[in-house]
>>> print(open('protein_36.csv').read())   # CSV, C-alpha atoms and all ligand atoms
chain,number,residue,atom,x,y,z
A,244,MET,CA,28.8,-0.9,-7.5
A,245,SER,CA,26.1,-3.6,-8.1
A,246,ASP,CA,22.4,-2.9,-7.3
A,247,ALA,CA,22.7,-5.0,-4.2
A,248,GLN,CA,25.8,-3.1,-3.0
A,249,VAL,CA,24.1,0.3,-3.6
A,250,VAL,CA,21.1,-0.8,-1.4
A,251,ALA,CA,23.3,-2.3,1.3
A,252,ALA,CA,25.2,1.0,1.5
A,253,GLN,CA,22.0,3.0,2.4
A,254,PRO,CA,21.0,3.3,6.1
A,255,ARG,CA,17.4,2.2,6.7
A,256,SER,CA,14.9,4.9,7.9
A,257,GLN,CA,12.9,4.3,11.0
A,258,TYR,CA,9.8,3.7,8.9
A,259,VAL,CA,11.6,1.1,6.7
A,260,GLU,CA,12.7,-0.6,10.0
A,261,PHE,CA,9.1,-0.6,11.2
A,262,TRP,CA,7.8,-2.1,7.9
A,263,ASN,CA,10.4,-4.9,8.2
A,264,ASN,CA,10.2,-5.6,11.9
A,265,ILE,CA,6.5,-5.1,12.7
A,266,LEU,CA,4.4,-5.1,9.6
A,267,VAL,CA,5.9,-7.9,7.4
A,268,PRO,CA,4.9,-10.7,9.8
A,269,LYS,CA,1.4,-9.1,10.2
A,270,PHE,CA,1.0,-8.6,6.4
A,271,VAL,CA,2.1,-12.2,5.8
A,272,ARG,CA,-0.6,-13.5,8.2
A,273,TRP,CA,-3.2,-11.4,6.5
A,274,ARG,CA,-2.1,-11.9,2.9
A,275,HIS,CA,-5.4,-13.4,1.8
A,276,ILE,CA,-7.0,-10.0,2.6
A,277,LEU,CA,-4.2,-7.7,1.5
A,278,VAL,CA,-3.8,-9.3,-1.8
A,279,GLY,CA,-7.2,-10.8,-2.4
A,280,GLY,CA,-9.1,-7.9,-0.8
A,281,LEU,CA,-7.3,-5.1,-2.5
A,282,THR,CA,-7.4,-6.8,-5.9
A,283,LEU,CA,-11.2,-6.0,-5.9
A,284,HIS,CA,-10.1,-2.3,-5.8
A,285,SER,CA,-7.4,-2.4,-8.4
A,286,GLN,CA,-9.5,-4.3,-10.8
A,287,ARG,CA,-11.2,-1.0,-11.3
A,288,ILE,CA,-8.0,0.7,-12.1
A,289,PHE,CA,-5.9,-1.7,-14.2
A,290,PRO,CA,-7.9,-1.5,-17.4
A,291,SER,CA,-7.3,2.2,-17.7
A,292,LEU,CA,-3.5,2.3,-17.0
A,293,GLN,CA,-1.4,3.9,-19.7
A,294,VAL,CA,0.8,0.9,-20.2
A,295,ASN,CA,1.7,-0.5,-23.6
A,296,LYS,CA,3.2,-3.8,-24.9
A,297,GLY,CA,7.0,-3.5,-24.7
A,298,ASP,CA,7.0,-0.8,-21.9
A,299,LYS,CA,9.6,-0.8,-19.2
A,300,VAL,CA,7.8,-0.3,-15.9
A,301,VAL,CA,8.7,0.3,-12.2
A,302,ASP,CA,6.3,-0.8,-9.4
A,303,ALA,CA,7.2,1.3,-6.4
A,304,GLY,CA,6.4,-0.3,-3.0
A,305,CYS,CA,5.2,-3.4,-4.7
A,306,GLY,CA,4.6,-5.4,-1.5
A,307,PHE,CA,3.8,-9.1,-2.3
A,308,GLY,CA,4.2,-8.3,-6.0
A,309,ASP,CA,0.8,-9.1,-7.3
A,310,THR,CA,0.4,-5.8,-9.2
A,311,ALA,CA,4.0,-6.2,-10.6
A,312,ILE,CA,3.1,-9.6,-12.0
A,313,GLU,CA,-0.1,-8.1,-13.5
A,314,LEU,CA,1.9,-5.3,-15.1
A,315,ALA,CA,4.4,-7.8,-16.4
A,316,ARG,CA,1.6,-9.6,-18.2
A,317,LEU,CA,0.3,-6.3,-19.6
A,318,VAL,CA,3.7,-5.2,-21.1
A,319,GLY,CA,4.3,-8.8,-22.4
A,320,PRO,CA,7.6,-10.5,-23.1
A,321,SER,CA,9.1,-7.5,-25.0
A,322,GLY,CA,8.6,-5.3,-21.9
A,323,SER,CA,9.8,-5.7,-18.3
A,324,VAL,CA,8.9,-4.7,-14.7
A,325,LEU,CA,11.2,-3.7,-11.9
A,326,ALA,CA,9.3,-4.3,-8.7
A,327,VAL,CA,10.9,-2.4,-5.7
A,328,ASP,CA,10.0,-2.7,-2.1
A,329,CYS,CA,12.0,-2.0,1.1
A,330,CYS,CA,11.0,-5.4,2.6
A,331,GLU,CA,12.7,-8.6,1.4
A,332,GLY,CA,10.1,-10.5,3.4
A,333,PHE,CA,7.4,-9.4,0.8
A,334,LEU,CA,9.6,-9.8,-2.3
A,335,GLU,CA,10.1,-13.5,-1.6
A,336,TYR,CA,6.4,-14.0,-2.3
A,337,GLY,CA,6.6,-11.9,-5.5
A,338,ARG,CA,9.5,-14.0,-6.9
A,339,ARG,CA,7.8,-17.3,-6.0
A,340,ASP,CA,4.4,-16.2,-7.4
A,341,ALA,CA,6.0,-14.9,-10.6
A,342,ARG,CA,7.9,-18.2,-11.1
A,343,ALA,CA,4.7,-20.2,-10.4
A,344,ALA,CA,2.8,-18.1,-12.9
A,345,GLY,CA,5.5,-18.5,-15.6
A,346,VAL,CA,6.1,-14.7,-15.7
A,347,SER,CA,9.8,-14.1,-16.3
A,348,ASN,CA,9.9,-10.4,-17.3
A,349,VAL,CA,9.6,-9.1,-13.7
A,350,SER,CA,12.5,-8.7,-11.3
A,351,PHE,CA,12.2,-7.9,-7.6
A,352,LEU,CA,14.6,-5.5,-5.8
A,353,GLU,CA,14.9,-4.6,-2.1
A,354,ALA,CA,15.5,-0.9,-2.0
A,355,ASP,CA,14.1,2.4,-0.5
A,356,VAL,CA,12.1,3.9,-3.4
A,357,GLN,CA,12.9,7.4,-2.0
A,358,THR,CA,16.6,7.2,-2.5
A,359,TYR,CA,17.4,4.3,-4.9
A,360,PRO,CA,19.4,5.6,-7.9
A,361,PHE,CA,17.0,4.7,-10.7
A,362,ARG,CA,18.1,4.9,-14.3
A,363,PRO,CA,15.8,7.1,-16.4
A,364,ALA,CA,14.9,4.2,-18.6
A,365,HIS,CA,11.2,3.5,-17.9
A,366,ASP,CA,8.0,4.4,-19.6
A,367,PHE,CA,5.7,4.0,-16.7
A,368,CYS,CA,6.0,4.1,-12.9
A,369,PHE,CA,3.2,2.6,-10.8
A,370,SER,CA,2.5,2.5,-7.1
A,371,ARG,CA,-0.6,1.0,-5.3
A,372,PHE,CA,-0.8,2.4,-1.8
A,373,GLY,CA,3.0,2.7,-1.5
A,374,THR,CA,3.8,6.4,-1.7
A,375,GLN,CA,1.6,7.3,1.3
A,376,PHE,CA,4.3,5.9,3.6
A,377,PHE,CA,7.2,7.9,2.4
A,378,GLU,CA,9.1,9.7,5.1
A,379,ASN,CA,9.5,12.7,2.7
A,380,PRO,CA,6.8,12.5,0.1
A,381,VAL,CA,8.2,15.2,-2.2
A,382,ALA,CA,11.7,13.6,-2.2
A,383,GLY,CA,10.2,10.1,-2.8
A,384,LEU,CA,8.0,11.3,-5.6
A,385,ARG,CA,10.9,13.2,-7.2
A,386,ASN,CA,13.0,10.1,-7.0
A,387,MET,CA,10.3,8.0,-8.6
A,388,ARG,CA,10.2,10.6,-11.4
A,389,THR,CA,13.9,9.9,-12.0
A,390,CYS,CA,13.1,6.4,-13.2
A,391,LEU,CA,11.0,7.8,-16.1
A,392,LYS,CA,12.1,8.7,-19.6
A,393,PRO,CA,11.0,12.3,-20.6
A,394,GLY,CA,7.2,12.0,-21.3
A,395,GLY,CA,7.0,8.9,-19.0
A,396,ILE,CA,3.9,8.5,-16.9
A,397,MET,CA,3.6,7.9,-13.1
A,398,THR,CA,0.3,6.6,-11.7
A,399,MET,CA,-0.2,6.1,-8.0
A,400,VAL,CA,-3.2,4.9,-6.2
A,401,VAL,CA,-3.7,6.5,-2.7
A,402,TRP,CA,-6.6,6.3,-0.3
A,403,ARG,CA,-9.1,9.1,0.0
A,404,GLY,CA,-10.1,10.3,3.5
A,405,VAL,CA,-11.0,8.1,6.4
A,406,LYS,CA,-14.7,9.0,6.1
A,407,ASP,CA,-14.6,7.6,2.5
A,408,ASN,CA,-13.0,4.4,3.7
A,409,PRO,CA,-15.1,2.7,6.4
A,410,TRP,CA,-13.2,-0.5,5.8
A,411,LEU,CA,-10.3,1.3,7.7
A,412,GLY,CA,-12.1,4.0,9.7
A,413,HIS,CA,-15.2,2.3,11.2
A,414,ALA,CA,-13.2,-0.2,13.3
A,415,LYS,CA,-10.9,2.5,14.6
A,416,GLU,CA,-14.0,4.4,15.9
A,417,ILE,CA,-15.1,1.3,17.8
A,418,VAL,CA,-11.7,0.5,19.2
A,419,LEU,CA,-11.3,4.1,20.5
A,420,GLN,CA,-14.4,3.6,22.7
A,421,TYR,CA,-12.3,1.1,24.7
A,422,LEU,CA,-8.7,2.3,24.3
A,423,PRO,CA,-6.8,5.6,24.3
A,424,ALA,CA,-5.6,7.2,21.0
A,425,PRO,CA,-1.9,6.5,20.2
A,426,GLY,CA,0.4,9.0,21.7
A,427,GLU,CA,2.8,11.4,19.9
A,428,ASN,CA,5.6,8.9,20.2
A,429,ALA,CA,3.7,5.9,18.8
A,430,GLN,CA,5.8,3.8,16.4
A,431,THR,CA,4.4,4.1,12.9
A,432,CYS,CA,5.0,3.0,9.3
A,433,GLY,CA,5.2,6.5,8.0
A,434,PRO,CA,2.7,9.4,7.4
A,435,GLY,CA,-0.1,6.7,6.9
A,436,PRO,CA,-2.9,5.5,4.6
A,437,PHE,CA,-4.7,8.9,4.4
A,438,SER,CA,-1.7,11.1,4.1
A,439,MET,CA,-2.3,11.7,0.3
A,440,ALA,CA,-6.1,12.2,0.5
A,441,ASP,CA,-6.0,15.9,0.0
A,442,THR,CA,-5.8,16.7,-3.8
A,443,GLY,CA,-4.5,20.2,-3.2
A,444,VAL,CA,-1.6,19.0,-1.1
A,445,VAL,CA,-0.7,16.2,-3.4
A,446,THR,CA,-0.9,18.5,-6.5
A,447,LYS,CA,1.7,20.8,-4.8
A,448,GLN,CA,3.9,17.8,-3.8
A,449,LEU,CA,3.9,16.5,-7.4
A,450,GLU,CA,4.5,20.0,-8.8
A,451,ILE,CA,7.5,20.5,-6.5
A,452,ALA,CA,8.7,17.0,-7.4
A,453,GLY,CA,8.8,18.1,-11.0
A,454,TYR,CA,5.7,16.5,-12.6
A,455,SER,CA,3.3,18.0,-15.1
A,456,ASP,CA,-0.1,17.0,-16.4
A,457,ILE,CA,-1.4,16.1,-12.9
A,458,ALA,CA,-4.9,14.5,-12.8
A,459,PHE,CA,-7.0,12.8,-10.1
A,460,GLU,CA,-9.7,10.2,-10.7
A,461,GLN,CA,-11.9,9.0,-7.9
A,462,VAL,CA,-12.2,5.2,-7.6
A,463,ASP,CA,-14.9,3.7,-5.4
A,464,ALA,CA,-14.9,0.0,-4.9
A,465,GLN,CA,-15.6,-2.7,-2.4
A,466,VAL,CA,-12.9,-4.5,-0.6
A,467,PHE,CA,-12.9,-7.9,1.1
A,468,VAL,CA,-11.9,-7.7,4.7
A,469,GLY,CA,-12.4,-11.2,6.0
A,470,ASN,CA,-13.6,-14.7,5.2
A,471,ASP,CA,-16.1,-14.4,8.1
A,472,LEU,CA,-16.7,-12.0,11.0
A,473,ASP,CA,-14.0,-13.5,13.3
A,474,ASP,CA,-11.5,-13.2,10.5
A,475,ALA,CA,-12.5,-9.6,9.8
A,476,VAL,CA,-12.3,-8.7,13.6
A,477,ALA,CA,-8.8,-10.2,13.9
A,478,PHE,CA,-7.7,-8.4,10.8
A,479,GLN,CA,-8.9,-5.1,12.0
A,480,LEU,CA,-7.1,-5.6,15.4
A,481,ALA,CA,-3.8,-6.4,13.6
A,482,ILE,CA,-3.6,-3.9,10.7
A,483,GLY,CA,-4.5,-0.4,9.8
A,484,PRO,CA,-5.7,2.4,12.1
A,485,ALA,CA,-7.6,0.2,14.5
A,486,GLY,CA,-4.7,-2.2,14.7
A,487,GLU,CA,-2.4,0.8,15.5
A,488,VAL,CA,-4.6,1.8,18.4
A,489,TYR,CA,-4.8,-1.8,19.7
A,490,ARG,CA,-1.0,-2.4,19.3
A,491,GLU,CA,0.0,0.9,21.0
A,492,ALA,CA,-2.4,0.2,24.0
A,493,GLY,CA,-0.3,-2.9,24.8
A,494,LYS,CA,-1.5,-4.7,28.0
A,495,LEU,CA,-4.7,-2.6,28.3
A,496,ALA,CA,-5.7,-3.9,24.9
A,497,GLU,CA,-5.1,-7.5,25.9
A,498,GLU,CA,-7.2,-7.0,29.1
A,499,ARG,CA,-10.1,-5.5,27.1
A,500,HIS,CA,-9.7,-7.8,24.1
A,501,ASP,CA,-13.0,-9.7,24.5
A,502,LYS,CA,-15.1,-6.6,24.9
A,503,ILE,CA,-13.4,-4.9,21.9
A,504,ALA,CA,-13.7,-8.0,19.7
A,505,ASN,CA,-17.4,-8.4,20.6
A,506,ALA,CA,-18.2,-4.8,19.8
A,507,LEU,CA,-16.4,-5.0,16.5
A,508,LYS,CA,-18.2,-8.2,15.6
A,509,THR,CA,-21.5,-6.5,16.2
A,510,ALA,CA,-20.5,-3.5,14.2
A,511,LEU,CA,-19.1,-5.5,11.2
A,512,ALA,CA,-22.1,-7.9,11.1
A,513,LYS,CA,-24.0,-5.6,8.6
A,514,TYR,CA,-21.2,-6.1,6.1
A,515,GLN,CA,-21.3,-9.8,6.1
A,516,ARG,CA,-22.2,-11.4,2.7
A,517,PRO,CA,-22.3,-15.0,1.5
A,518,ASN,CA,-18.7,-14.7,0.2
A,519,GLY,CA,-17.2,-12.9,3.2
A,520,VAL,CA,-17.1,-9.5,4.9
A,521,ILE,CA,-17.2,-6.8,2.2
A,522,MET,CA,-16.9,-3.0,2.9
A,523,ASP,CA,-16.6,0.2,0.9
A,524,SER,CA,-13.4,1.9,0.0
A,525,SER,CA,-12.4,4.9,-2.0
A,526,SER,CA,-9.1,6.0,-3.6
A,527,TRP,CA,-7.5,8.5,-5.9
A,528,LYS,CA,-5.9,7.3,-9.1
A,529,VAL,CA,-3.3,10.0,-9.5
A,530,THR,CA,-1.6,10.4,-12.9
A,531,ALA,CA,1.3,12.7,-13.7
A,532,LYS,CA,3.9,13.1,-16.4
A,533,ASN,CA,7.7,13.5,-16.3
A,534,PRO,CA,8.1,16.5,-18.6
A,535,GLY,CA,11.8,15.6,-18.9
A,601,LIG,C1,0.2,-0.8,2.0
A,601,LIG,S1,1.6,-1.6,1.3
A,601,LIG,C2,1.1,-1.8,-0.4
A,601,LIG,C3,1.8,-2.9,-1.1
A,601,LIG,C4,1.4,-3.2,-2.5
A,601,LIG,N1,1.7,-2.1,-3.4
A,601,LIG,C5,-0.1,-3.4,-2.6
A,601,LIG,O1,-0.8,-2.6,-3.1
A,601,LIG,O2,-0.5,-4.5,-2.1
A,601,LIG,C6,2.9,-0.4,1.2
A,601,LIG,C7,4.2,-1.0,0.7
A,601,LIG,O3,5.1,0.1,0.5
A,601,LIG,C8,6.4,-0.4,1.0
A,601,LIG,N2,7.2,0.8,1.3
A,601,LIG,C9,6.9,1.7,2.2
A,601,LIG,N3,7.9,2.7,2.2
A,601,LIG,C10,8.7,2.3,1.2
A,601,LIG,C11,10.0,2.9,0.8
A,601,LIG,N4,10.4,4.0,1.2
A,601,LIG,N5,10.6,2.2,-0.2
A,601,LIG,C12,10.2,1.1,-0.8
A,601,LIG,N6,9.0,0.5,-0.3
A,601,LIG,C13,8.3,1.1,0.6
A,601,LIG,C14,6.1,-1.3,2.1
A,601,LIG,O4,7.1,-2.2,2.4
A,601,LIG,C15,4.8,-2.0,1.6
A,601,LIG,O5,5.1,-3.2,0.9
>>> encode(input="protein_36.csv", output="structure tokens")
Amino acid sequence: MSDAQVVAAQPRSQYVEFWNNILVPKFVRWRHILVGGLTLHSQRIFPSLQVNKGDKVVDAGCGFGDTAIELARLVGPSGSVLAVDCCEGFLEYGRRDARAAGVSNVSFLEADVQTYPFRPAHDFCFSRFGTQFFENPVAGLRNMRTCLKPGGIMTMVVWRGVKDNPWLGHAKEIVLQYLPAPGENAQTCGPGPFSMADTGVVTKQLEIAGYSDIAFEQVDAQVFVGNDLDDAVAFQLAIGPAGEVYREAGKLAEERHDKIANALKTALAKYQRPNGVIMDSSSWKVTAKNPG
């Protein structure tokens, strides 16, 4: 079976459906923040990644592919990057950007990272904010481990708690003053951005998934959340925890839109800088080894 046939044979989970149907269009609309804004964060992380020239790398949940292209540059022409995401709508951008940048040692594959039958041929497996959305984190992390040679390294970047990430949490607090919290049956993209914030839980997940040498490093950085206040308010109402509250409230949210937007604008004003709206964020850089 070819890679494409293997992928086509797998049924999509409800979360993968949600990413494709609901989030891809939103992420494309807000690409300038999700790529440009988060790059400020990963600039702190990339210089310390354990990646060498010639390495074979997997980027799991690569989204628009900007980290995969950066990894392809780091490993150089004697290495390669397999960039995997469950949304073809993101991968198109990765292929186009890699071509435009003249980077030819990266390939983009549509697949569910939790179940794709990887070959154990890679030195390094990376994921920036992808693993937090796995339906079954242990199964997903274990499957990522199967892409590694014995001794290969996995590094994932996951958000710390909501209180450490005002760029996601502050807007939610404001929106909840006007709208009800999402109900139990709310449609979601998976466990969510803060699901791997607890180092004790994640350590256990990684141990059960078969990793050794587990280490956490706190990374504090600023992220860009809008060109100006209107851009930042619209971003918050579309994506992330505030966006989820707004989306789930449906008609009520539309009716109260102006009040909510004004309150958010007032709250975010203190983060406005000459180059845009900039807020604090904090993540864990989690590193673990495949003992083989
Ligand atoms: C928050 S985005 C991060 C994207 C990118 N890594 C970045 O840092 O910009 C999470 C990504 O994980 C992908 N994703 C979520 N669950 C996945 C799964 N089970 N298999 C493959 N990709 C998945 C989503 O499609 C999305 O592109």
>>> residues_near_ligand(input="protein_36.csv", ligand="ligand LIG 601 (chain A)", cutoff="8 Å", atoms="only C-alpha atoms and all ligand atoms", output="ChimeraX atom specification")
/A:258-259,262-263,267,277-278,281,302-310,327-330,333,353-358,370-378,383,432-433,436
>>> atom_distance(input="protein_36.csv", atom1="CA of Lys406 in chain A", atom2="CA of Pro425 in chain A")
19.2 Å
>>> residues_near_point(input="protein_36.csv", point="(4.0, -11.1, -12.6)", cutoff="10 Å", atoms="only C-alpha atoms", output="short mmCIF file (atom, residue, chain, number, x, y, z; two decimals) with C-alpha atoms, keeping the file's coordinate frame")
data_model
loop_
_atom_site.label_atom_id
_atom_site.label_comp_id
_atom_site.auth_asym_id
_atom_site.auth_seq_id
_atom_site.Cartn_x
_atom_site.Cartn_y
_atom_site.Cartn_z
CA GLY A 308 4.20 -8.30 -6.00
CA ASP A 309 0.80 -9.10 -7.30
CA THR A 310 0.40 -5.80 -9.20
CA ALA A 311 4.00 -6.20 -10.60
CA ILE A 312 3.10 -9.60 -12.00
CA GLU A 313 -0.10 -8.10 -13.50
CA LEU A 314 1.90 -5.30 -15.10
CA ALA A 315 4.40 -7.80 -16.40
CA ARG A 316 1.60 -9.60 -18.20
CA LEU A 317 0.30 -6.30 -19.60
CA SER A 323 9.80 -5.70 -18.30
CA VAL A 324 8.90 -4.70 -14.70
CA ALA A 326 9.30 -4.30 -8.70
CA GLY A 337 6.60 -11.90 -5.50
CA ARG A 338 9.50 -14.00 -6.90
CA ARG A 339 7.80 -17.30 -6.00
CA ASP A 340 4.40 -16.20 -7.40
CA ALA A 341 6.00 -14.90 -10.60
CA ARG A 342 7.90 -18.20 -11.10
CA ALA A 343 4.70 -20.20 -10.40
CA ALA A 344 2.80 -18.10 -12.90
CA GLY A 345 5.50 -18.50 -15.60
CA VAL A 346 6.10 -14.70 -15.70
CA SER A 347 9.80 -14.10 -16.30
CA ASN A 348 9.90 -10.40 -17.30
CA VAL A 349 9.60 -9.10 -13.70
CA SER A 350 12.50 -8.70 -11.30
#
>>> closest_atom_pairs(input="protein_36.csv", of="range 317-427 of chain A", to="range 515-534 of chain A", cutoff="8 Å", atoms="all atoms listed in the file", output="JSON lines")
{"residue": "A:Arg388", "atom": "CA", "partner": "A:Asn533", "partner_atom": "CA", "distance": 6.2}
{"residue": "A:Leu391", "atom": "CA", "partner": "A:Asn533", "partner_atom": "CA", "distance": 6.6}
{"residue": "A:Lys392", "atom": "CA", "partner": "A:Asn533", "partner_atom": "CA", "distance": 7.3}
{"residue": "A:Pro393", "atom": "CA", "partner": "A:Pro534", "partner_atom": "CA", "distance": 5.5}
{"residue": "A:Gly394", "atom": "CA", "partner": "A:Asn533", "partner_atom": "CA", "distance": 5.2}
{"residue": "A:Gly395", "atom": "CA", "partner": "A:Asn533", "partner_atom": "CA", "distance": 5.4}
{"residue": "A:Ile396", "atom": "CA", "partner": "A:Lys532", "partner_atom": "CA", "distance": 4.6}
{"residue": "A:Met397", "atom": "CA", "partner": "A:Ala531", "partner_atom": "CA", "distance": 5.4}
{"residue": "A:Thr398", "atom": "CA", "partner": "A:Thr530", "partner_atom": "CA", "distance": 4.4}
{"residue": "A:Met399", "atom": "CA", "partner": "A:Val529", "partner_atom": "CA", "distance": 5.2}
{"residue": "A:Val400", "atom": "CA", "partner": "A:Lys528", "partner_atom": "CA", "distance": 4.6}
{"residue": "A:Val401", "atom": "CA", "partner": "A:Trp527", "partner_atom": "CA", "distance": 5.4}
{"residue": "A:Trp402", "atom": "CA", "partner": "A:Ser526", "partner_atom": "CA", "distance": 4.2}
{"residue": "A:Arg403", "atom": "CA", "partner": "A:Ser526", "partner_atom": "CA", "distance": 4.8}
{"residue": "A:Asp407", "atom": "CA", "partner": "A:Ser525", "partner_atom": "CA", "distance": 5.7}
{"residue": "A:Asn408", "atom": "CA", "partner": "A:Ser524", "partner_atom": "CA", "distance": 4.5}
{"residue": "A:Pro409", "atom": "CA", "partner": "A:Asp523", "partner_atom": "CA", "distance": 6.2}
{"residue": "A:Trp410", "atom": "CA", "partner": "A:Met522", "partner_atom": "CA", "distance": 5.3}
>>> atom_distance(input="protein_36.csv", atom1="CA of Leu283 in chain A", atom2="CA of Thr509 in chain A")
24.4 Å
>>> closest_residue(input="protein_36.csv", among="A:Ala429, A:Leu266, A:Ala440, A:Ala504", to="Asp473 in chain A", atoms="all atoms listed in the file")
A:Ala504
>>> atom_distance(input="protein_36.csv", atom1="CA of Asn470 in chain A", atom2="CA of Gly279 in chain A")
10.7 Å
>>> closest_residue(input="protein_36.csv", among="A:Lys447, A:His500, A:Arg385, A:Lys299", to="Gly535 in chain A", atoms="only C-alpha atoms")
A:Arg385
>>> residues_around(input="protein_36.csv", residues="Lys502 in chain A", least_positions_apart="3", cutoff="12 Å", atoms="all atoms listed in the file", output="JSON, numbers by chain")
{"A": [417, 418, 420, 421, 422, 476, 495, 496, 497, 498, 499, 505, 506, 507, 508, 509]}
>>> closest_residue(input="protein_36.csv", among="A:Val444, A:Ala485, A:Asp463, A:Phe437", to="Leu419 in chain A", atoms="all atoms listed in the file")
A:Ala485
>>> residues_around(input="protein_36.csv", residues="Ile482 in chain A", least_positions_apart="5", cutoff="10 Å", atoms="only C-alpha atoms", output="count of residues only")
11
